[in-house]
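Peer 1: Sharing a structure, written as structure tokens. Questions coming.
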Amino acid sequence: MKRALLILVVTACGPAEELETGLAVAAPERPMQQPPPQQQPALTGLPCDVRDVMQAACARCHMGSPPNIPAFRTRTEMIAMSEKIAGRVSGTTGAPMPPRLESRQLSAAERTLLLDWIAQGLPAGACGDLQ
Ligand code: HEC
């Protein structure tokens, strides 16, 4: 009785091992799909510090409503208007922005932050658009 069971177990194991080996050989070799560790996902939004300042000081008026005020919500729109933005923020061309009567003005540090960002070519960052 015991001998019969042992034979059954051995027989049952045999074909299974062969099957596994066959699959392993048949499996196609796949090239490594993972990117190299230094590769980061491309950033497309605004730098978070820039976004926070413009959200607080500009978004109230420059989101496309009313339509007579030029809108800039995205980095792409800001790139297209970067010289005008720099001129208004620095006060060198046109009426200063934010307008003088606006209660939320830029601090000196915030003005420097925006002007440095524009001078660097408006590099992308990890935060999104103005909302
Ligand atoms: C209280 C509303 C208000 C706020 C806040 C405000 N703006 Fe303006 N902005 C205006 C209006 C109105 C105009 C159109 C009149 C003019 O050109 O001065 C304008 C015009 C501009 C222009 C000129 C666009 C062009 O086509 O010539 C720029 C650039 C600008 N704003 C940038 C900014 C920036 C940057 C901020 C934030 C730091 C800001 N504005 C905050 C109301 C605002």
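Residue numbering restarts at 1 for every chain of the structure tokens, chains are lettered A, B, ... in their displayed order, and ligands are numbered from 1 as they appear.
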Mind checking which residues fall within 10 Å of A:Thr76, counting only C-alpha atoms, ignoring those fewer than 4 positions away in the same chain, and posting them as a compact mmCIF listing (two decimals) with C-alpha atoms, in the first residue's frame?
Peer 2:
# COMPACT_ATOMS: atom_id res chain seq x y z
CA THR A 44 5.74 70.84 -18.13
CA GLY A 45 4.11 73.04 -15.50
CA LEU A 46 5.14 76.13 -13.58
CA PHE A 72 -1.87 84.00 -18.93
CA ALA A 80 4.61 84.25 -25.27
CA MET A 81 4.20 87.30 -22.98
CA SER A 82 7.43 87.05 -21.02
CA LEU A 122 10.95 80.41 -17.87
CA ALA A 124 9.35 74.33 -16.35
CA ASP A 129 -1.16 76.23 -14.30
Peer 1: Write out as a PDB file with C-alpha atoms, in the first residue's frame which residues come within 12 Å of A:Ala42 when counting only C-alpha atoms, dropping same-chain ones fewer than 5 positions away.
Peer 2:
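Wrote out06.pdb, looks like this:
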ATOM      1  CA  PRO A 123      12.112  76.864 -17.040  1.00  0.00           C
ATOM      2  CA  ALA A 124       9.346  74.334 -16.349  1.00  0.00           C
ATOM      3  CA  GLY A 125       8.525  73.094 -12.869  1.00  0.00           C
ATOM      4  CA  ALA A 126       6.483  70.525 -11.001  1.00  0.00           C
TER       5      ALA A 126
END
Peer 1: Per residue of chain A within 9 Å of ligand 1, what are the shortest atom pair and its distance in Å to one decimal, counting only C-alpha atoms and all ligand atoms, with rows by chain and residue number, as JSON lines?
Peer 2:
{"residue": "A:Val53", "atom": "CA", "partner": "ligand 1", "partner_atom_place_in_ligand_line": "38 (C)", "distance": 7.5}
{"residue": "A:Met54", "atom": "CA", "partner": "ligand 1", "partner_atom_place_in_ligand_line": "37 (C)", "distance": 5.5}
{"residue": "A:Gln55", "atom": "CA", "partner": "ligand 1", "partner_atom_place_in_ligand_line": "37 (C)", "distance": 8.1}
{"residue": "A:Ala56", "atom": "CA", "partner": "ligand 1", "partner_atom_place_in_ligand_line": "37 (C)", "distance": 7.9}
{"residue": "A:Ala57", "atom": "CA", "partner": "ligand 1", "partner_atom_place_in_ligand_line": "37 (C)", "distance": 4.6}
{"residue": "A:Cys58", "atom": "CA", "partner": "ligand 1", "partner_atom_place_in_ligand_line": "37 (C)", "distance": 3.4}
{"residue": "A:Ala59", "atom": "CA", "partner": "ligand 1", "partner_atom_place_in_ligand_line": "5 (C)", "distance": 6.6}
{"residue": "A:Arg60", "atom": "CA", "partner": "ligand 1", "partner_atom_place_in_ligand_line": "5 (C)", "distance": 5.5}
{"residue": "A:Cys61", "atom": "CA", "partner": "ligand 1", "partner_atom_place_in_ligand_line": "2 (C)", "distance": 4.3}
{"residue": "A:His62", "atom": "CA", "partner": "ligand 1", "partner_atom_place_in_ligand_line": "7 (N)", "distance": 6.2}
{"residue": "A:Pro66", "atom": "CA", "partner": "ligand 1", "partner_atom_place_in_ligand_line": "12 (C)", "distance": 8.7}
{"residue": "A:Asn68", "atom": "CA", "partner": "ligand 1", "partner_atom_place_in_ligand_line": "14 (C)", "distance": 7.1}
{"residue": "A:Ile69", "atom": "CA", "partner": "ligand 1", "partner_atom_place_in_ligand_line": "14 (C)", "distance": 5.0}
{"residue": "A:Pro70", "atom": "CA", "partner": "ligand 1", "partner_atom_place_in_ligand_line": "24 (C)", "distance": 5.5}
{"residue": "A:Ala71", "atom": "CA", "partner": "ligand 1", "partner_atom_place_in_ligand_line": "24 (C)", "distance": 8.2}
{"residue": "A:Phe72", "atom": "CA", "partner": "ligand 1", "partner_atom_place_in_ligand_line": "32 (C)", "distance": 8.4}
{"residue": "A:Met78", "atom": "CA", "partner": "ligand 1", "partner_atom_place_in_ligand_line": "29 (C)", "distance": 8.7}
{"residue": "A:Met81", "atom": "CA", "partner": "ligand 1", "partner_atom_place_in_ligand_line": "29 (C)", "distance": 6.4}
{"residue": "A:Ser82", "atom": "CA", "partner": "ligand 1", "partner_atom_place_in_ligand_line": "29 (C)", "distance": 7.4}
{"residue": "A:Glu83", "atom": "CA", "partner": "ligand 1", "partner_atom_place_in_ligand_line": "29 (C)", "distance": 7.6}
{"residue": "A:Lys84", "atom": "CA", "partner": "ligand 1", "partner_atom_place_in_ligand_line": "29 (C)", "distance": 4.3}
{"residue": "A:Ile85", "atom": "CA", "partner": "ligand 1", "partner_atom_place_in_ligand_line": "29 (C)", "distance": 3.6}
{"residue": "A:Ala86", "atom": "CA", "partner": "ligand 1", "partner_atom_place_in_ligand_line": "29 (C)", "distance": 7.1}
{"residue": "A:Gly87", "atom": "CA", "partner": "ligand 1", "partner_atom_place_in_ligand_line": "29 (C)", "distance": 7.1}
{"residue": "A:Arg88", "atom": "CA", "partner": "ligand 1", "partner_atom_place_in_ligand_line": "29 (C)", "distance": 5.6}
{"residue": "A:Val89", "atom": "CA", "partner": "ligand 1", "partner_atom_place_in_ligand_line": "35 (C)", "distance": 5.7}
{"residue": "A:Gly94", "atom": "CA", "partner": "ligand 1", "partner_atom_place_in_ligand_line": "18 (O)", "distance": 6.6}
{"residue": "A:Ala95", "atom": "CA", "partner": "ligand 1", "partner_atom_place_in_ligand_line": "18 (O)", "distance": 5.1}
{"residue": "A:Pro96", "atom": "CA", "partner": "ligand 1", "partner_atom_place_in_ligand_line": "18 (O)", "distance": 7.5}
{"residue": "A:Met97", "atom": "CA", "partner": "ligand 1", "partner_atom_place_in_ligand_line": "40 (N)", "distance": 4.5}
{"residue": "A:Pro98", "atom": "CA", "partner": "ligand 1", "partner_atom_place_in_ligand_line": "41 (C)", "distance": 3.8}
{"residue": "A:Pro99", "atom": "CA", "partner": "ligand 1", "partner_atom_place_in_ligand_line": "3 (C)", "distance": 5.9}
{"residue": "A:Arg100", "atom": "CA", "partner": "ligand 1", "partner_atom_place_in_ligand_line": "1 (C)", "distance": 8.8}
{"residue": "A:Leu101", "atom": "CA", "partner": "ligand 1", "partner_atom_place_in_ligand_line": "1 (C)", "distance": 7.8}
{"residue": "A:Glu102", "atom": "CA", "partner": "ligand 1", "partner_atom_place_in_ligand_line": "1 (C)", "distance": 5.5}
{"residue": "A:Ser103", "atom": "CA", "partner": "ligand 1", "partner_atom_place_in_ligand_line": "5 (C)", "distance": 8.6}
{"residue": "A:Arg104", "atom": "CA", "partner": "ligand 1", "partner_atom_place_in_ligand_line": "5 (C)", "distance": 7.2}
{"residue": "A:Gln105", "atom": "CA", "partner": "ligand 1", "partner_atom_place_in_ligand_line": "38 (C)", "distance": 7.6}
{"residue": "A:Leu106", "atom": "CA", "partner": "ligand 1", "partner_atom_place_in_ligand_line": "38 (C)", "distance": 6.7}
{"residue": "A:Glu110", "atom": "CA", "partner": "ligand 1", "partner_atom_place_in_ligand_line": "38 (C)", "distance": 8.8}
{"residue": "A:Arg111", "atom": "CA", "partner": "ligand 1", "partner_atom_place_in_ligand_line": "38 (C)", "distance": 7.9}
{"residue": "A:Leu114", "atom": "CA", "partner": "ligand 1", "partner_atom_place_in_ligand_line": "35 (C)", "distance": 8.3}
Peer 1: Please indicate the distance in Å from atom CA of A:Ile79 to atom CA of A:Asp52, rounded to one decimal place.
Peer 2: 17.3 Å
Peer 1: Could you state the separation of atom CA of A:Ala108 and atom CA of A:Ser90 in Å, given to one decimal place?
Peer 2: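 Atom-to-atom, atom CA of A:Ala108 and atom CA of A:Ser90 are spaced 10.0 Å apart.
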Peer 1: Restricting the calculation to only C-alpha atoms, which member of A:Gln39, A:Val50, A:Thr93, A:Cys127 is positioned closest to A:Leu115?
Peer 2: A:Val50
